[in-house]
Amino acid sequence: MNPGVAATLEPDAEAVIRIRDLAFRWSPRGPVVLALDALDVAAGERVFIEGPSGSGKSTLLSLLAGVARPAGGELRVLGQALGDLNGPQRDRFRADQVGYIFQMFNLIPYLSVVENVVLPARFSAGRRARALARSGTLGAEALRLLTDLDLADADLLHRPVTDLSVGQQQRVAAARALFGAPGLLIADEPTSALDADRREAFVRLLFEECRQARSTLVFVSHDAALEPLFDRTIRLAEVNGAGRRGG
Amino acid sequence: MAILGLAWKSLRNRRFTAALTLASIALSVALLVGVERVRTETRASFANTISGTDLIVGARSGAVQLLLYAVFRIGSPTNNLSWQSLQDIAAHPKVAWVVPLSLGDSHRGFRVLGTSAEFFQRYRYARGRGLTFAQGGPFVDLYDAVLGSQVAQKLGYRLGDAIVVAHGAGDVAFARHDDKPFRVAGILAPTGTPVDRTVHVSLEAIEAIHIDWQGGAQVPGHTISAQAARSMELTPKAVTAALVGLRSKVATFQVQRFVNDYSAEPLTAILPGVALAELWGLVGVAEGALLVVSACVVVVGLFGMLTALLTGLNERRRELAILRSVGAGPAQVFALIMGEAAFLTLLGVALGLGLLYLALALGRPLVEAHWGIHLGIGGLSGHEVALLGVVSLAGCLIGAVPAYRAYRLSLADGLSPRV
């Protein structure tokens, strides 16, 4: 047997994401918008997901984050079958295990930079405990992450988050997503609002932090220039059966 | 709960709109509780217009009518009470004291009451408070007058001023007792009762100024001077009504029956407390309406909060998505908005109470001086606490509307808000 095929078929304790015959539709009678036969992401892997709009990227991310629930098939994230969990359980799973970076406007305007970074600790005892274990206090862990992301300027920390530049906001968002070392980091086109010359630097910072936190990175982007930096690329339009059948 | 901390910070961030909402709730709550308190105190003050008097006796009539003319100096009696009957009542073994009241004259719009000097000791109001003199003292000379506080204040009288009493309730030149002027001997402190609007003179003085009058006019060519009147017999033949004090309250109904069954003359004896309650039933409708209106103002204040929270929601869909992304469930999104509404309501209630007590502390001396209504500044009454509870509950219920909408929005939007 081909060892590469075996690696994807054997139940793998190391797999962070394991998808088998996954189907998703927005309403019970609606069309299937996402159909994936098999997709595995190993622990620590950095995966680049590419696809035109409508190829099911947002749907896939919603499923991985536990916001949406699969209609059929198997979806395991960090060993947990998300299809078996109800809404509040999936919310708790996301709080504990998933860091999420939006395309832009990531920050809560009424919280300070540090408060934004430690926000996950309000919703997850696990991430709070991991942050405390690493740095002693939540604030210290936030500062450690912000320092790593080149943001620990005293003046910057005390400014309202709405005054930060887009690049600074995205780095604060990265610090928040990585806070408490979640097992999976999802980044939804986080560099599209950045200048071209800042994008690669941002991605490299993200890599470094993911490596330290032992987080697996799922990175969605249109930006083909970033693709070579990643371990692997998934072209969603090609693997999404719903897209093929529909198209 | 972690989400309440966020609710608080979110409110602080929107300080300006939150402060406006807070102000409208606080003002409406202050108004509501203020009205409730004034209402309660007014009722208490009304019920306390006269106390310490066990019975009021007058000619046969209705209880409210007797109360109106004997205590409130409103309207006029249908008949008088003869001096002989009064003596008989005073002689009843259960009767401790009798204070006769003689009405019929006026001074520049204020009623003149002829009574005995005992009136100033016996008349009690507001749970047993007695009359006190701001200046001077009770009448000593035949032509001495004691003014209620409002009479002195409105007409600008001071001790020693001369005043002329007019015959009847009107004041026309030909019906003045200007041949027998009075001297102001005392001015009473404010009481918030009709005493404030009364000119008090002695019963004998009423007799003296009418000694040369017949059928409502002075008899021409037959005048008797003020001095000459002093030496004449001044015991009245009849009075308008009388306040009666008993040796024991137990005898109240016994003496009332004695008066009502008095055979020489048709008389009525009433219990002031009962008659006051009956009268309040007539005039107290307005105060209920006032409370309803102020309750409506609170509802308007809470609707202001509803509007502010609902209009803010659309701009906050991004914020809700961020909260979802870090693990907040739709229930926590509901709790966030609900928490904001609860903070606004509870803070508004607390602030409103603060405002009310401030207003009470500042306005109390004025209210007491002008209307004689004593506003208590003590703790909240059970009824007031209940009112505040209802307001808080209503605020939270109203908060559930935007909270539910946020819940629906965050369920539909998930991580990709449509903004």
# chains A, B, ... in the order shown; residues from 1 in each chain; ligands from 1
$ interface_residues --of "chain A" --to "chain B" --cutoff "7 Å" --atoms "only C-alpha atoms" --output "NGL selection string"
:A and (62 or 67 or 88 or 91-92 or 94-95 or 99-100 or 106 or 108 or 110 or 120 or 122-123)
$ residues_around --residues "Ala38 of chain A" --least-positions-apart "3" --cutoff "7 Å" --atoms "only C-alpha atoms" --output "list in words"
Ile19, Arg20 and Asp21 of chain A
$ closest_residue --among "A:Ala173, A:Ile186, A:Phe179, A:Leu107" --to "Ser135 of chain A" --atoms "only C-alpha atoms"
A:Phe179
$ select_by_dssp --residues "segment 36-161 of chain A" --states "strand (DSSP E)" --output "number ranges by chain"
A: 36-42, 46-50, 72-77, 80-81, 98-101
$ atom_distance --atom1 "atom CA of Arg158 of chain B" --atom2 "atom CA of Leu113 of chain B"
19.0 Å
$ closest_residue --among "A:Glu115, A:Glu238, A:Asp188, A:Asp163" --to "Gly139 of chain A" --atoms "only C-alpha atoms"
A:Glu115
$ atom_distance --atom1 "atom CA of Leu55 of chain B" --atom2 "atom CA of Val274 of chain B"
10.3 Å
$ residues_around --residues "Leu355 of chain B" --least-positions-apart "5" --cutoff "9 Å" --atoms "only C-alpha atoms" --output "list in words"
Ala26, Leu27, Ala30, Ala350 and Leu360 of chain B
$ write_last_selection --atoms "C-alpha atoms" --output "PDB file, in the first residue's frame"
ATOM      1  CA  ALA B  26     -33.308  58.534  37.157  1.00  0.00           C
ATOM      2  CA  LEU B  27     -35.538  61.573  36.697  1.00  0.00           C
ATOM      3  CA  ALA B  30     -37.300  60.424  41.280  1.00  0.00           C
ATOM      4  CA  ALA B 350     -30.291  54.330  42.540  1.00  0.00           C
ATOM      5  CA  LEU B 360     -36.203  66.409  49.715  1.00  0.00           C
TER       6      LEU B 360
END
$ select_by_dssp --residues "segment 159-391 of chain B" --states "alpha helix (DSSP H)" --output "number ranges by chain"
B: 203-209, 226-230, 252-260, 272-283, 285-313, 317-325, 330-371, 382-391
